[in-house]
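The next block holds one structure in the form of structure tokens; read it before the comments.
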Number of protein chains: 2
Amino acid sequence: MQETTHLESDGPQLTATHRELLDQVLDKWSLHVLDELCEQPLRFNELRRAIPIVTQKSLTTTLRRLERNGMVERMIASTRPLAVEYRITPLGKTLQDLIDALLSWSTVNLPDVERARERFDNEV
Amino acid sequence: MQETTHLESDGPQLTATHRELLDQVLDKWSLHVLDELCEQPLRFNELRRAIPIVTQKSLTTTLRRLERNGMVERMIASTRPLAVEYRITPLGKTLQDLIDALLSWSTVNLPDVERARERFDNEV
DNA sequence: CTACTTGGTACCCGAAGGGAACTTCAACGA
DNA sequence: TCGTTGAAGTTCCCTTCGGGTACCAAGTAG
């Protein structure tokens with residue numbers, strides 16, 4: 001049991017609050033949605049078509065969560081039959097660099113990861 | 001803000017493979033584990049004590065997944081009763097900057113997010 | 001009228017995740 | 001000698017969560 005000083009000079013500690021926030025924002029569909037909305041505002045069914053593998057229910061859930069966390073805005077234009085447009089907020093925009101970094105990381109390292117997986121699966 | 005094109009020209013697009021990799025590596029417990037192991041190698045029960053809220057089962061699952069993806073190494077010292085040490089791999093080290101960035105982001109933006117949540121919860 | 005689109009909600013079900021207990025091997029202790 | 005403790009898991013159970021399907025209300029096109 002060493003009580004040595006943790007070398008957390010890098011920054012903040014990982015608390016449950018941090019984890020919860022990252023969970024809400026980096027989950028499976030949120031990344032897709034934010035990725036789309038960073039480029040342009042989209043309506044509900046436009047998002048569905050942009051991300052065909054998501055169901056209505058999951059998309060609704062994801063959008064509500066992102067809206068609650070201040071990442072996207074939900075604009076209702078009552079003029080037409082009905083039009084709900086989702087757009088990224090400034091707060092949501094702050095995630096764009098991170099998302100890009102995550103995508104770059106996974107692209108760069110995917111070959112190594114796949115090699116590691118093969119090695120692991122063959123050994124066991 | 002660059003409104004160059006409406007197409008996904010910013011970088012790699014988010015495929016299912018990318019999503020799967022990020023899911024395996026950025027899930028709830030993996031962030032905790034990687035955060036700890038980036039500082040120093042730890043044994044199984046040391047990790048448990050370092051992350052008290054994780055159960056053995058979840059920790060085992062997380063470590064196996066990280067090992068399979070080449071993020072951590074599992075070293076068995078058969079000398080004593082038994083000693084299993086987990087340490088970060090070079091591939092896992094490439095995640096450190098990203099994890100730090102995620103932590104910084106959540107720390108910086110948590111106040112805004114909490115304000116957004118309050119606003120949302122009061123409106124609805 | 002019916003059919004179709006938009007933007008959802010309601011309900012159901014199977015897989016995933018957590019909790020708690022059990023296991024094995026070795027050492028220690030009285 | 002027997003029991004206990006600690007390490008490093010595994011197994012079982014049970015709840016929860018996410019996904020799939022179906023349905024709904026409003027408008028409007030044919």
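To be explicit about the labels: the chains of the structure tokens are called A, B, and onward in the order shown, and within each one the residues are counted from 1, while ligands get numbers from 1 in the order they are shown.
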Which residues of chain C come within 12 Å of chain B, and for each one, what is the closest pair of atoms and their distance in Å to one decimal, counting only C-alpha atoms (C1' of nucleotides), sorted by chain and residue number, as a Markdown table?
```
| residue | atom | partner | partner_atom | distance |
| --- | --- | --- | --- | --- |
| C:DA16 | C1' | B:Ser58 | CA | 11.5 |
| C:DG17 | C1' | B:Ser58 | CA | 8.0 |
| C:DG18 | C1' | B:Thr55 | CA | 7.8 |
| C:DG19 | C1' | B:Thr55 | CA | 8.2 |
| C:DA20 | C1' | B:Thr55 | CA | 10.2 |
| C:DT24 | C1' | B:Leu82 | CA | 11.4 |
| C:DC25 | C1' | B:Pro81 | CA | 7.3 |
| C:DA26 | C1' | B:Pro81 | CA | 5.1 |
| C:DA27 | C1' | B:Pro81 | CA | 7.5 |
```
Determine, using only C-alpha atoms (C1' of nucleotides), which residues of chain D have any atom at most 10 Å from an atom of chain B, and tabulate each with its shortest atom pair and distance in Å to one decimal place, rows ordered by chain and then rising number, as JSON lines.
```
{"residue": "D:DG6", "atom": "C1'", "partner": "B:Pro81", "partner_atom": "CA", "distance": 9.5}
{"residue": "D:DA7", "atom": "C1'", "partner": "B:Leu82", "partner_atom": "CA", "distance": 6.6}
{"residue": "D:DA8", "atom": "C1'", "partner": "B:Phe44", "partner_atom": "CA", "distance": 7.1}
{"residue": "D:DG9", "atom": "C1'", "partner": "B:Thr60", "partner_atom": "CA", "distance": 7.6}
{"residue": "D:DT10", "atom": "C1'", "partner": "B:Lys57", "partner_atom": "CA", "distance": 8.3}
```
Over all Cα atoms paired in order, how far apart are chain A and chain B after a least-squares superposition, as an RMSD in Å?
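Once chain A is fitted onto chain B, the C-alpha RMSD works out to 3.1 Å.
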Would you kindly report the residues of chain B within 8 Å of chain A, using only C-alpha atoms, as a ChimeraX atom specification?
/B:3,6-8,11-14,18-19,21-23,27-28,32,35,39,67-70,91,95,98,100-107,109-110,112-114,116-117,120-121
Keeping only N, CA and C atoms, write the selected residues as a CSV table (one decimal), in the first residue's frame.
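See out26.csv below for the written result:
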```csv
chain,number,residue,atom,x,y,z
B,3,GLU,N,-17.5,27.1,-43.6
B,3,GLU,CA,-18.7,26.5,-44.3
B,3,GLU,C,-18.3,26.1,-45.7
B,6,HIS,N,-20.9,21.2,-47.5
B,6,HIS,CA,-21.8,20.6,-46.7
B,6,HIS,C,-21.5,19.1,-46.5
B,7,LEU,N,-20.5,18.6,-47.2
B,7,LEU,CA,-20.2,17.2,-47.1
B,7,LEU,C,-19.3,16.9,-46.0
B,8,GLU,N,-19.1,15.7,-45.7
B,8,GLU,CA,-18.2,15.3,-44.6
B,8,GLU,C,-16.8,15.4,-45.1
B,11,GLY,N,-12.8,15.0,-42.3
B,11,GLY,CA,-11.8,13.9,-41.9
B,11,GLY,C,-12.5,12.6,-42.2
B,12,PRO,N,-12.0,11.6,-41.4
B,12,PRO,CA,-12.6,10.3,-41.6
B,12,PRO,C,-14.0,10.3,-41.2
B,13,GLN,N,-14.8,9.6,-41.9
B,13,GLN,CA,-16.2,9.5,-41.5
B,13,GLN,C,-16.4,8.4,-40.5
B,14,LEU,N,-17.5,8.6,-39.8
B,14,LEU,CA,-17.7,7.7,-38.6
B,14,LEU,C,-18.4,6.4,-39.1
B,18,HIS,N,-15.2,2.3,-36.6
B,18,HIS,CA,-14.8,3.3,-35.7
B,18,HIS,C,-15.6,3.3,-34.4
B,19,ARG,N,-16.8,3.3,-34.5
B,19,ARG,CA,-17.7,3.3,-33.4
B,19,ARG,C,-17.4,2.2,-32.4
B,21,LEU,N,-14.7,0.4,-32.1
B,21,LEU,CA,-13.4,0.6,-31.4
B,21,LEU,C,-13.5,1.6,-30.3
B,22,LEU,N,-14.2,2.7,-30.6
B,22,LEU,CA,-14.3,3.7,-29.5
B,22,LEU,C,-15.2,3.2,-28.4
B,23,ASP,N,-16.2,2.4,-28.7
B,23,ASP,CA,-17.0,1.8,-27.6
B,23,ASP,C,-16.2,0.9,-26.7
B,27,ASP,N,-15.4,3.1,-22.8
B,27,ASP,CA,-16.6,2.8,-22.0
B,27,ASP,C,-16.3,3.2,-20.6
B,28,LYS,N,-17.4,3.1,-19.8
B,28,LYS,CA,-17.4,3.6,-18.5
B,28,LYS,C,-16.2,3.2,-17.6
B,32,HIS,N,-11.5,4.8,-16.5
B,32,HIS,CA,-10.9,4.7,-15.2
B,32,HIS,C,-9.6,3.9,-15.2
B,35,ASP,N,-6.8,5.5,-17.2
B,35,ASP,CA,-6.3,6.6,-16.4
B,35,ASP,C,-5.4,6.2,-15.3
B,39,GLU,N,-0.5,6.0,-15.2
B,39,GLU,CA,0.4,6.5,-14.2
B,39,GLU,C,1.4,5.5,-13.7
B,67,GLU,N,-7.1,-5.7,-22.9
B,67,GLU,CA,-6.0,-6.5,-23.3
B,67,GLU,C,-6.2,-7.0,-24.8
B,68,ARG,N,-7.4,-7.4,-25.1
B,68,ARG,CA,-7.7,-7.9,-26.4
B,68,ARG,C,-7.4,-6.8,-27.5
B,69,ASN,N,-7.7,-5.6,-27.1
B,69,ASN,CA,-7.6,-4.5,-28.0
B,69,ASN,C,-6.1,-3.9,-28.0
B,70,GLY,N,-5.3,-4.6,-27.2
B,70,GLY,CA,-3.9,-4.2,-27.2
B,70,GLY,C,-3.6,-2.9,-26.4
B,91,LEU,N,0.6,1.2,-27.4
B,91,LEU,CA,-0.7,1.6,-28.1
B,91,LEU,C,-1.7,2.2,-27.1
B,95,LEU,N,-3.6,6.8,-26.2
B,95,LEU,CA,-4.9,7.3,-25.8
B,95,LEU,C,-4.8,8.4,-24.7
B,98,LEU,N,-5.8,11.9,-25.5
B,98,LEU,CA,-7.3,12.0,-25.7
B,98,LEU,C,-8.0,11.9,-24.4
B,100,ASP,N,-7.0,12.8,-21.5
B,100,ASP,CA,-6.7,14.0,-20.8
B,100,ASP,C,-7.6,15.1,-21.4
B,101,ALA,N,-7.7,15.1,-22.8
B,101,ALA,CA,-8.5,16.1,-23.4
B,101,ALA,C,-10.0,16.0,-23.0
B,102,LEU,N,-10.4,14.7,-23.0
B,102,LEU,CA,-11.8,14.5,-22.6
B,102,LEU,C,-12.1,15.0,-21.2
B,103,LEU,N,-11.1,14.7,-20.3
B,103,LEU,CA,-11.3,15.2,-18.9
B,103,LEU,C,-11.3,16.7,-18.8
B,104,SER,N,-10.3,17.3,-19.5
B,104,SER,CA,-10.3,18.7,-19.5
B,104,SER,C,-11.6,19.3,-20.0
B,105,TRP,N,-12.1,18.7,-21.2
B,105,TRP,CA,-13.3,19.3,-21.7
B,105,TRP,C,-14.4,19.2,-20.7
B,106,SER,N,-14.6,18.0,-20.1
B,106,SER,CA,-15.7,17.9,-19.2
B,106,SER,C,-15.6,18.8,-18.0
B,107,THR,N,-14.3,19.0,-17.5
B,107,THR,CA,-14.1,19.9,-16.4
B,107,THR,C,-14.5,21.3,-16.8
B,109,ASN,N,-16.4,22.4,-19.2
B,109,ASN,CA,-17.8,22.7,-19.7
B,109,ASN,C,-18.8,22.2,-18.7
B,110,LEU,N,-18.4,21.5,-17.7
B,110,LEU,CA,-19.5,21.0,-16.8
B,110,LEU,C,-20.4,22.1,-16.2
B,112,ASP,N,-21.4,24.8,-17.6
B,112,ASP,CA,-22.4,25.2,-18.7
B,112,ASP,C,-23.4,24.0,-18.9
B,113,VAL,N,-22.9,22.8,-18.8
B,113,VAL,CA,-23.8,21.7,-19.0
B,113,VAL,C,-24.9,21.6,-17.9
B,114,GLU,N,-24.4,21.9,-16.7
B,114,GLU,CA,-25.3,21.8,-15.6
B,114,GLU,C,-26.4,22.9,-15.6
B,116,ALA,N,-27.4,24.2,-18.4
B,116,ALA,CA,-28.3,23.7,-19.5
B,116,ALA,C,-29.3,22.7,-19.0
B,117,ARG,N,-28.8,21.8,-18.1
B,117,ARG,CA,-29.7,20.8,-17.6
B,117,ARG,C,-30.8,21.4,-16.7
B,120,PHE,N,-33.4,23.1,-18.9
B,120,PHE,CA,-34.2,22.1,-19.6
B,120,PHE,C,-35.2,21.4,-18.6
B,121,ASP,N,-34.7,21.1,-17.4
B,121,ASP,CA,-35.6,20.4,-16.5
B,121,ASP,C,-36.7,21.3,-15.9
```
Chain B: residues DSSP assigns to helix (DSSP H, G or I), reported as a VMD selection string:
chain B and resid 16 to 25 28 to 39 44 to 50 56 to 68 90 to 93 96 to 123
Hey, what does DSSP flag as strand (DSSP E or B) within chain A? Can you give it to me as a PyMOL selection string?
chain A and resi 42-43+72-77+83-88
Please provide as a list in words all residues within 12 Å of DT4 in chain D, with the sequence filter that same-chain residues fewer than 5 positions apart are discarded (counting only C-alpha atoms (C1' of nucleotides)).
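Answer for this query is DA27, DC28, DG29 and DA30 of chain C.
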